[in-house]
file coords03.cif (mmCIF, C-alpha atoms)
data_start
loop_
_atom_site.group_PDB
_atom_site.id
_atom_site.type_symbol
_atom_site.label_atom_id
_atom_site.label_comp_id
_atom_site.auth_asym_id
_atom_site.auth_seq_id
_atom_site.Cartn_x
_atom_site.Cartn_y
_atom_site.Cartn_z
ATOM 1 C CA MET A 9 139.334 129.015 138.112
ATOM 2 C CA THR A 10 138.412 125.320 137.976
ATOM 3 C CA CYS A 11 140.422 122.133 138.470
ATOM 4 C CA ASN A 12 140.224 121.716 134.668
ATOM 5 C CA LEU A 13 142.148 124.949 134.139
ATOM 6 C CA ILE A 14 145.128 125.561 136.394
ATOM 7 C CA VAL A 15 146.507 129.092 136.677
ATOM 8 C CA GLU A 16 149.934 129.660 138.220
ATOM 9 C CA LYS A 17 151.975 132.842 138.630
ATOM 10 C CA SER A 18 155.751 132.586 138.945
ATOM 11 C CA ASP A 19 157.560 135.905 139.042
ATOM 12 C CA ALA A 20 156.498 137.682 135.833
ATOM 13 C CA ILE A 21 155.053 134.604 134.106
ATOM 14 C CA MET A 22 151.376 133.633 134.167
ATOM 15 C CA THR A 23 150.874 130.011 133.107
ATOM 16 C CA VAL A 24 147.516 128.496 132.159
ATOM 17 C CA THR A 25 147.388 124.695 131.997
ATOM 18 C CA PHE A 26 144.474 122.860 130.391
ATOM 19 C CA ASN A 27 143.953 119.983 132.792
ATOM 20 C CA ARG A 28 141.631 117.292 131.449
ATOM 21 C CA PRO A 29 144.239 114.744 130.358
ATOM 22 C CA GLU A 30 141.702 111.902 130.325
ATOM 23 C CA LYS A 31 139.860 113.838 127.574
ATOM 24 C CA LEU A 32 143.009 115.109 125.812
ATOM 25 C CA ASN A 33 142.212 118.438 127.488
ATOM 26 C CA ALA A 34 139.003 118.928 125.508
ATOM 27 C CA LEU A 35 137.786 122.424 126.340
ATOM 28 C CA THR A 36 134.515 123.106 128.145
ATOM 29 C CA PRO A 37 132.536 126.381 128.271
ATOM 30 C CA GLU A 38 133.722 126.813 131.859
ATOM 31 C CA MET A 39 137.365 126.513 130.761
ATOM 32 C CA TYR A 40 136.809 129.134 128.067
ATOM 33 C CA ALA A 41 135.225 131.464 130.613
ATOM 34 C CA SER A 42 138.133 130.940 133.020
ATOM 35 C CA LEU A 43 140.661 131.675 130.270
ATOM 36 C CA GLY A 44 138.778 134.897 129.534
ATOM 37 C CA GLN A 45 139.049 135.832 133.211
ATOM 38 C CA VAL A 46 142.801 135.193 133.137
ATOM 39 C CA CYS A 47 143.177 137.510 130.144
ATOM 40 C CA ALA A 48 141.139 140.190 131.913
ATOM 41 C CA HIS A 49 143.407 139.871 134.968
ATOM 42 C CA VAL A 50 146.567 140.135 132.864
ATOM 43 C CA ASN A 51 145.190 143.338 131.331
ATOM 44 C CA THR A 52 145.273 145.023 134.750
ATOM 45 C CA ASP A 53 148.306 143.317 136.320
ATOM 46 C CA PRO A 54 151.542 145.254 135.693
ATOM 47 C CA THR A 55 153.615 142.451 137.256
ATOM 48 C CA THR A 56 152.748 139.935 134.527
ATOM 49 C CA ARG A 57 155.060 140.129 131.516
ATOM 50 C CA LEU A 58 154.328 136.817 129.785
ATOM 51 C CA LEU A 59 151.231 134.635 129.406
ATOM 52 C CA MET A 60 151.797 130.949 128.629
ATOM 53 C CA LEU A 61 149.318 128.274 127.570
ATOM 54 C CA ARG A 62 150.062 124.569 127.900
ATOM 55 C CA GLY A 63 148.291 121.247 128.379
ATOM 56 C CA ALA A 64 148.636 118.477 130.928
ATOM 57 C CA GLY A 65 149.237 114.804 130.303
ATOM 58 C CA GLY A 66 150.592 114.596 126.774
ATOM 59 C CA ALA A 67 148.173 116.884 124.916
ATOM 60 C CA PHE A 68 147.760 120.610 124.389
ATOM 61 C CA ALA A 69 144.017 120.542 123.662
ATOM 62 C CA ALA A 70 142.084 118.265 121.308
ATOM 63 C CA GLY A 71 139.265 120.757 120.679
ATOM 64 C CA SER A 72 135.971 121.603 122.317
ATOM 65 C CA ASP A 73 134.230 119.040 124.493
ATOM 66 C CA ILE A 74 131.640 117.394 122.253
ATOM 67 C CA ALA A 75 129.270 116.933 125.204
ATOM 68 C CA HIS A 76 128.473 120.644 125.022
ATOM 69 C CA PHE A 77 127.159 120.294 121.466
ATOM 70 C CA ARG A 78 124.555 117.684 122.434
ATOM 71 C CA SER A 79 122.417 120.442 123.931
ATOM 72 C CA PHE A 80 122.267 122.409 120.653
ATOM 73 C CA SER A 81 118.765 122.453 119.179
ATOM 74 C CA THR A 82 119.007 125.183 116.515
ATOM 75 C CA GLY A 83 121.604 126.804 114.324
ATOM 76 C CA GLN A 84 121.475 129.877 116.565
ATOM 77 C CA ASP A 85 123.098 127.795 119.317
ATOM 78 C CA GLY A 86 126.070 127.424 116.989
ATOM 79 C CA VAL A 87 126.169 131.162 116.355
ATOM 80 C CA ALA A 88 126.204 131.834 120.111
ATOM 81 C CA TYR A 89 128.965 129.262 120.626
ATOM 82 C CA GLU A 90 131.117 130.783 117.876
ATOM 83 C CA GLU A 91 130.594 134.282 119.280
ATOM 84 C CA GLN A 92 131.711 133.137 122.738
ATOM 85 C CA PHE A 93 134.763 131.403 121.309
ATOM 86 C CA VAL A 94 135.704 134.406 119.180
ATOM 87 C CA SER A 95 135.517 136.604 122.282
ATOM 88 C CA ILE A 96 138.120 134.342 123.931
ATOM 89 C CA LEU A 97 140.392 134.436 120.873
ATOM 90 C CA ASP A 98 140.070 138.216 120.822
ATOM 91 C CA ALA A 99 140.835 138.450 124.550
ATOM 92 C CA LEU A 100 143.944 136.311 124.081
ATOM 93 C CA GLU A 101 145.086 138.362 121.100
ATOM 94 C CA THR A 102 144.693 141.688 122.869
ATOM 95 C CA VAL A 103 146.452 141.122 126.201
ATOM 96 C CA PRO A 104 149.293 143.651 126.635
ATOM 97 C CA VAL A 105 152.017 141.016 127.138
ATOM 98 C CA PRO A 106 153.637 138.421 124.860
ATOM 99 C CA THR A 107 151.835 135.067 124.654
ATOM 100 C CA LEU A 108 153.426 131.650 124.217
ATOM 101 C CA ALA A 109 151.803 128.312 123.394
ATOM 102 C CA VAL A 110 153.874 125.386 124.722
ATOM 103 C CA ILE A 111 152.639 122.357 122.797
ATOM 104 C CA ASP A 112 153.351 118.740 123.655
ATOM 105 C CA GLY A 113 150.929 116.306 122.032
ATOM 106 C CA VAL A 114 147.624 116.771 120.231
ATOM 107 C CA CYS A 115 146.714 120.337 119.252
ATOM 108 C CA ALA A 116 143.486 120.244 117.269
ATOM 109 C CA GLY A 117 140.238 122.106 116.659
ATOM 110 C CA ALA A 118 139.752 124.805 119.275
ATOM 111 C CA GLY A 119 143.170 123.940 120.698
ATOM 112 C CA LEU A 120 144.751 124.745 117.340
ATOM 113 C CA LEU A 121 142.968 128.104 117.323
ATOM 114 C CA LEU A 122 144.040 129.034 120.850
ATOM 115 C CA ALA A 123 147.618 128.234 119.876
ATOM 116 C CA ALA A 124 147.192 130.294 116.694
ATOM 117 C CA ALA A 125 146.040 133.274 118.768
ATOM 118 C CA CYS A 126 149.348 133.271 120.656
ATOM 119 C CA ASP A 127 152.367 135.251 119.489
ATOM 120 C CA VAL A 128 154.753 132.298 119.467
ATOM 121 C CA ARG A 129 154.285 128.528 119.354
ATOM 122 C CA ILE A 130 156.873 125.880 120.228
ATOM 123 C CA ALA A 131 156.287 122.131 120.145
ATOM 124 C CA THR A 132 157.793 118.746 120.772
ATOM 125 C CA THR A 133 158.642 116.766 117.660
ATOM 126 C CA THR A 134 155.898 114.244 118.468
ATOM 127 C CA SER A 135 153.138 116.878 118.602
ATOM 128 C CA SER A 136 150.385 116.777 115.982
ATOM 129 C CA PHE A 137 148.070 119.472 114.659
ATOM 130 C CA GLY A 138 144.768 119.360 112.839
ATOM 131 C CA LEU A 139 141.282 120.656 112.141
ATOM 132 C CA PRO A 140 139.315 117.421 111.514
ATOM 133 C CA ILE A 141 135.808 118.905 111.703
ATOM 134 C CA ALA A 142 134.832 117.683 108.221
ATOM 135 C CA ARG A 143 135.356 114.124 109.455
ATOM 136 C CA THR A 144 134.094 114.392 113.021
ATOM 137 C CA LEU A 145 131.203 116.805 113.657
ATOM 138 C CA GLY A 146 130.486 118.443 110.332
ATOM 139 C CA ASN A 147 130.436 121.904 111.920
ATOM 140 C CA THR A 148 132.196 125.063 110.733
ATOM 141 C CA LEU A 149 134.268 127.981 111.926
ATOM 142 C CA SER A 150 133.118 131.586 111.662
ATOM 143 C CA ALA A 151 135.020 134.281 109.790
ATOM 144 C CA TYR A 152 137.296 135.422 112.644
ATOM 145 C CA PRO A 153 138.971 132.068 113.391
ATOM 146 C CA LEU A 154 139.203 131.220 109.684
ATOM 147 C CA ALA A 155 140.926 134.545 109.037
ATOM 148 C CA LEU A 156 143.281 133.877 111.951
ATOM 149 C CA LEU A 157 144.279 130.448 110.631
ATOM 150 C CA THR A 158 144.610 131.779 107.098
ATOM 151 C CA ALA A 159 147.049 134.402 108.352
ATOM 152 C CA ARG A 160 149.036 131.784 110.249
ATOM 153 C CA ILE A 161 149.197 128.901 107.749
ATOM 154 C CA GLY A 162 147.720 130.110 104.431
ATOM 155 C CA SER A 163 144.361 129.446 102.816
ATOM 156 C CA ALA A 164 145.480 126.559 100.592
ATOM 157 C CA ARG A 165 146.972 124.536 103.438
ATOM 158 C CA LEU A 166 144.017 125.397 105.677
ATOM 159 C CA MET A 167 141.564 124.133 103.065
ATOM 160 C CA SER A 168 143.580 120.938 102.716
ATOM 161 C CA MET A 169 143.622 120.436 106.489
ATOM 162 C CA VAL A 170 139.839 120.742 106.581
ATOM 163 C CA ALA A 171 139.136 118.662 103.480
ATOM 164 C CA ARG A 172 141.516 115.803 104.269
ATOM 165 C CA ALA A 173 141.160 115.952 108.065
ATOM 166 C CA ARG A 174 144.814 114.983 108.277
ATOM 167 C CA MET A 175 146.861 115.544 111.402
ATOM 168 C CA LEU A 176 150.140 117.303 110.595
ATOM 169 C CA GLN A 177 153.362 116.794 112.503
ATOM 170 C CA ALA A 178 155.142 119.616 114.308
ATOM 171 C CA THR A 179 158.046 119.514 111.862
ATOM 172 C CA GLU A 180 155.648 120.157 108.950
ATOM 173 C CA LEU A 181 154.202 123.218 110.643
ATOM 174 C CA ALA A 182 157.659 124.439 111.623
ATOM 175 C CA GLU A 183 158.571 124.445 107.917
ATOM 176 C CA ILE A 184 155.790 126.958 107.183
ATOM 177 C CA GLY A 185 156.408 129.031 110.305
ATOM 178 C CA PHE A 186 153.293 128.213 112.319
ATOM 179 C CA VAL A 187 155.513 126.582 114.933
ATOM 180 C CA GLU A 188 158.548 128.683 115.768
ATOM 181 C CA GLU A 189 160.790 125.806 116.872
ATOM 182 C CA VAL A 190 160.533 122.104 117.679
ATOM 183 C CA ALA A 191 162.616 119.903 119.935
ATOM 184 C CA ASP A 192 162.687 116.366 121.278
ATOM 185 C CA ARG A 193 161.162 115.979 124.719
ATOM 186 C CA ASP A 194 164.605 115.647 126.303
ATOM 187 C CA ASP A 195 165.588 119.065 124.932
ATOM 188 C CA PHE A 196 162.194 120.737 125.069
ATOM 189 C CA GLY A 197 162.686 122.250 128.515
ATOM 190 C CA ASP A 198 165.830 124.027 127.337
ATOM 191 C CA LEU A 199 164.020 125.355 124.253
ATOM 192 C CA GLU A 200 161.150 126.584 126.424
ATOM 193 C CA MET A 201 163.495 128.477 128.743
ATOM 194 C CA GLN A 202 165.311 130.045 125.776
ATOM 195 C CA VAL A 203 162.071 131.284 124.192
ATOM 196 C CA ILE A 204 160.751 132.535 127.550
ATOM 197 C CA GLY A 205 163.957 134.531 127.989
ATOM 198 C CA ASP A 206 163.606 136.044 124.524
ATOM 199 C CA LEU A 207 159.991 137.070 125.128
ATOM 200 C CA LEU A 208 160.687 138.547 128.558
ATOM 201 C CA ALA A 209 163.506 140.613 127.042
ATOM 202 C CA ALA A 210 161.283 141.999 124.262
ATOM 203 C CA ALA A 211 159.995 145.567 124.558
ATOM 204 C CA PRO A 212 156.355 145.107 125.654
ATOM 205 C CA LEU A 213 155.009 148.094 123.749
ATOM 206 C CA THR A 214 156.694 146.902 120.561
ATOM 207 C CA MET A 215 155.165 143.454 120.992
ATOM 208 C CA SER A 216 151.643 144.649 121.747
ATOM 209 C CA ALA A 217 151.684 147.302 119.018
ATOM 210 C CA THR A 218 152.922 144.886 116.348
ATOM 211 C CA ARG A 219 150.340 142.269 117.313
ATOM 212 C CA GLU A 220 147.497 144.791 117.365
ATOM 213 C CA VAL A 221 148.324 146.312 113.978
ATOM 214 C CA LEU A 222 148.566 142.839 112.431
ATOM 215 C CA ARG A 223 145.244 141.923 114.037
ATOM 216 C CA ARG A 224 143.596 145.049 112.625
ATOM 217 C CA ILE A 225 144.998 144.365 109.149
ATOM 218 C CA ARG A 226 143.674 140.810 109.269
ATOM 219 C CA ASN A 227 140.223 141.828 110.467
ATOM 220 C CA THR A 228 139.698 144.800 108.155
ATOM 221 C CA GLY A 229 136.656 144.033 106.053
ATOM 222 C CA LEU A 230 136.043 140.753 107.864
ATOM 223 C CA PRO A 231 132.782 139.416 106.400
ATOM 224 C CA GLU A 232 129.638 138.562 108.342
ATOM 225 C CA SER A 233 129.328 134.786 108.692
ATOM 226 C CA ALA A 234 126.505 134.207 111.195
ATOM 227 C CA ASP A 235 124.164 133.045 108.424
ATOM 228 C CA ILE A 236 126.641 130.386 107.313
ATOM 229 C CA VAL A 237 127.332 129.241 110.873
ATOM 230 C CA ARG A 238 123.585 129.116 111.604
ATOM 231 C CA HIS A 239 122.961 126.985 108.506
ATOM 232 C CA VAL A 240 125.693 124.445 109.299
ATOM 233 C CA TYR A 241 124.990 124.106 113.029
ATOM 234 C CA GLY A 242 121.280 123.763 112.293
ATOM 235 C CA SER A 243 121.819 120.997 109.747
ATOM 236 C CA ASP A 244 120.961 117.302 109.863
ATOM 237 C CA ASP A 245 124.630 116.589 109.179
ATOM 238 C CA PHE A 246 125.775 118.402 112.338
ATOM 239 C CA ARG A 247 123.291 116.478 114.471
ATOM 240 C CA ALA A 248 124.415 113.251 112.817
ATOM 241 C CA GLY A 249 128.041 114.151 113.422
ATOM 242 C CA VAL A 250 127.557 114.800 117.141
ATOM 243 C CA SER A 251 125.564 111.585 117.521
ATOM 244 C CA ALA A 252 128.098 109.478 115.618
ATOM 245 C CA PHE A 253 131.055 110.985 117.475
ATOM 246 C CA SER A 254 129.410 110.148 120.785
ATOM 247 C CA ARG A 255 129.096 106.525 119.635
ATOM 248 C CA LYS A 256 132.714 106.554 118.402
ATOM 249 C CA GLU A 257 131.460 106.016 114.851
ATOM 250 C CA ARG A 258 131.961 107.956 111.643
ATOM 251 C CA ALA A 259 128.996 110.010 110.471
ATOM 252 C CA GLN A 260 127.336 109.444 107.120
ATOM 253 C CA TRP A 261 126.964 112.872 105.520
ATOM 254 C CA SER A 262 123.870 113.826 103.538
ATOM 255 C CA GLY A 263 124.754 117.419 102.677
ATOM 256 C CA HIS A 264 121.610 118.648 104.449
#
call {"tool": "encode", "arguments": {"input": "coords03.cif", "output": "structure tokens"}}
result
Amino acid sequence: MTCNLIVEKSDAIMTVTFNRPEKLNALTPEMYASLGQVCAHVNTDPTTRLLMLRGAGGAFAAGSDIAHFRSFSTGQDGVAYEEQFVSILDALETVPVPTLAVIDGVCAGAGLLLAAACDVRIATTTSSFGLPIARTLGNTLSAYPLALLTARIGSARLMSMVARARMLQATELAEIGFVEEVADRDDFGDLEMQVIGDLLAAAPLTMSATREVLRRIRNTGLPESADIVRHVYGSDDFRAGVSAFSRKERAQWSGH
């Protein structure tokens, strides 16, 4: 593991903390790889009965670190990135224990997807959620993560989140069921302990079987999307988006 991803085991609970608070816990390739290693460990560790994801310093995760995208030279780089990210989502979705996303602060982009891949999500009332890629980088998601978000929040709301690049509050997402429960920070610790107790008491085979069948239903007939991802990541707009984001400016889109 790295200092940017802290892994702690307490009794039957494995906790992963994204630890780049100065960057709102923006996720690096190394952090993704470490999370994949944690999932692989949980798969073979009979003493772990719950996997938790959380963020340090007032954010869950604000997305992928944009610095990684500066090295992209072709659309195929985007395809490779999406394939790596999908492998992490798949690893998180297929661990044999319940998974819980504990969200306090910004949960956006890749952070939103990691939370979506968990079985249950709880959040503080001040947390915010979004997928602002149409305003920031001008990139796209592949079929797997789009199908995952569609299953969690619905296609109409997902399209609105992308088109308007609006951050939604935890209470809004609790109303549609994406967030299981919300609480003020003063009461959040009690809510967390209650949900942990519920998940530890759940029959593990029931949990893993239900999750896996739902995952198979969602992914049946999942379309190929590498050509679309390659086109968008290879575009002038994506390069303009990365450059503008690095300068803390808004990109001017050309549609090419």
call {"tool": "closest_residue", "arguments": {"input": "coords03.cif", "among": "A:Val221, A:Met167, A:Ala234, A:Leu59", "to": "Pro106 of chain A", "atoms": "all atoms listed in the file"}}
result
A:Leu59
call {"tool": "resolve_selection", "arguments": {"input": "coords03.cif", "expression": "the PyMOL selection byres ((chain A and resi 55) around 9)", "output": "number ranges by chain"}}
result
A: 19-21, 50, 53-54, 56-57
call {"tool": "axis_aligned_box", "arguments": {"input": "coords03.cif", "around": "segment 29-41 of chain A", "padding_each_side": "5 Å", "output": "lines of an AutoDock Vina configuration file"}}
result
center_x = 138.4
center_y = 121.7
center_z = 128.7
size_x = 21.7
size_y = 29.6
size_z = 16.4
call {"tool": "closest_residue", "arguments": {"input": "coords03.cif", "among": "A:Leu97, A:Ala70, A:Lys17, A:Val170", "to": "Ala142 of chain A", "atoms": "all atoms listed in the file"}}
result
A:Val170
call {"tool": "residues_around", "arguments": {"input": "coords03.cif", "residues": "Leu58 of chain A", "least_positions_apart": "3", "cutoff": "12 Å", "atoms": "all atoms listed in the file", "output": "PyMOL selection string"}}
result
chain A and resi 16-24+47+50-51+53-55+61+100+103-109+126-128+203-212+215-216
call {"tool": "resolve_selection", "arguments": {"input": "coords03.cif", "expression": "the PyMOL selection byres ((chain A and resi 92) around 12)", "output": "ChimeraX atom specification"}}
result
/A:36-41,43-44,85-91,93-99,150,152-153
call {"tool": "resolve_selection", "arguments": {"input": "coords03.cif", "expression": "the PyMOL selection byres ((chain A and resi 135) around 8)", "output": "number ranges by chain"}}
result
A: 111-115, 131-134, 136-137, 177-178
call {"tool": "write_last_selection", "arguments": {"input": "coords03.cif", "atoms": "C-alpha atoms", "output": "mmCIF file, in the frame of the given file"}}
result
data_model
loop_
_atom_site.group_PDB
_atom_site.id
_atom_site.type_symbol
_atom_site.label_atom_id
_atom_site.label_comp_id
_atom_site.auth_asym_id
_atom_site.auth_seq_id
_atom_site.Cartn_x
_atom_site.Cartn_y
_atom_site.Cartn_z
ATOM 1 C CA ILE A 111 152.639 122.357 122.797
ATOM 2 C CA ASP A 112 153.351 118.740 123.655
ATOM 3 C CA GLY A 113 150.929 116.306 122.032
ATOM 4 C CA VAL A 114 147.624 116.771 120.231
ATOM 5 C CA CYS A 115 146.714 120.337 119.252
ATOM 6 C CA ALA A 131 156.287 122.131 120.145
ATOM 7 C CA THR A 132 157.793 118.746 120.772
ATOM 8 C CA THR A 133 158.642 116.766 117.660
ATOM 9 C CA THR A 134 155.898 114.244 118.468
ATOM 10 C CA SER A 136 150.385 116.777 115.982
ATOM 11 C CA PHE A 137 148.070 119.472 114.659
ATOM 12 C CA GLN A 177 153.362 116.794 112.503
ATOM 13 C CA ALA A 178 155.142 119.616 114.308
#
call {"tool": "residues_near_point", "arguments": {"input": "coords03.cif", "point": "(126.0, 125.9, 108.8)", "cutoff": "10 Å", "atoms": "all atoms listed in the file", "output": "PyMOL selection string"}}
result
chain A and resi 83-84+86-87+146-150+233-243+245-246+264
call {"tool": "write_last_selection", "arguments": {"input": "coords03.cif", "atoms": "C-alpha atoms", "output": "tab-separated table (two decimals), keeping the file's coordinate frame"}}
result
chain	number	residue	atom	x	y	z
A	83	GLY	CA	121.60	126.80	114.32
A	84	GLN	CA	121.48	129.88	116.56
A	86	GLY	CA	126.07	127.42	116.99
A	87	VAL	CA	126.17	131.16	116.36
A	146	GLY	CA	130.49	118.44	110.33
A	147	ASN	CA	130.44	121.90	111.92
A	148	THR	CA	132.20	125.06	110.73
A	149	LEU	CA	134.27	127.98	111.93
A	150	SER	CA	133.12	131.59	111.66
A	233	SER	CA	129.33	134.79	108.69
A	234	ALA	CA	126.50	134.21	111.20
A	235	ASP	CA	124.16	133.04	108.42
A	236	ILE	CA	126.64	130.39	107.31
A	237	VAL	CA	127.33	129.24	110.87
A	238	ARG	CA	123.58	129.12	111.60
A	239	HIS	CA	122.96	126.98	108.51
A	240	VAL	CA	125.69	124.44	109.30
A	241	TYR	CA	124.99	124.11	113.03
A	242	GLY	CA	121.28	123.76	112.29
A	243	SER	CA	121.82	121.00	109.75
A	245	ASP	CA	124.63	116.59	109.18
A	246	PHE	CA	125.78	118.40	112.34
A	264	HIS	CA	121.61	118.65	104.45
call {"tool": "atom_distance", "arguments": {"input": "coords03.cif", "atom1": "atom CA of Gly197 of chain A", "atom2": "atom CA of Met60 of chain A"}}
result
13.9 Å
call {"tool": "atom_distance", "arguments": {"input": "coords03.cif", "atom1": "atom CA of Ala151 of chain A", "atom2": "atom CA of Asn227 of chain A"}}
result
9.2 Å
call {"tool": "closest_residue", "arguments": {"input": "coords03.cif", "among": "A:Met169, A:Ile14, A:Met175, A:Leu199", "to": "Arg62 of chain A", "atoms": "all atoms listed in the file"}}
result
A:Ile14
call {"tool": "residues_near_point", "arguments": {"input": "coords03.cif", "point": "(136.4, 121.7, 124.5)", "cutoff": "10 Å", "atoms": "only C-alpha atoms", "output": "PyMOL selection string"}}
result
chain A and resi 28+31-40+69-77+117-119
call {"tool": "atom_distance", "arguments": {"input": "coords03.cif", "atom1": "atom CA of Ser81 of chain A", "atom2": "atom CA of Gly249 of chain A"}}
result
13.7 Å
call {"tool": "closest_residue", "arguments": {"input": "coords03.cif", "among": "A:Phe253, A:Phe26, A:Trp261, A:Phe186", "to": "Leu13 of chain A", "atoms": "all atoms listed in the file"}}
result
A:Phe26
call {"tool": "closest_residue", "arguments": {"input": "coords03.cif", "among": "A:Val46, A:Leu120, A:Ile141, A:Ala155", "to": "Ala67 of chain A", "atoms": "all atoms listed in the file"}}
result
A:Leu120
call {"tool": "closest_residue", "arguments": {"input": "coords03.cif", "among": "A:Ala64, A:Ala182, A:Val250, A:Ala48", "to": "Cys11 of chain A", "atoms": "all atoms listed in the file"}}
result
A:Ala64
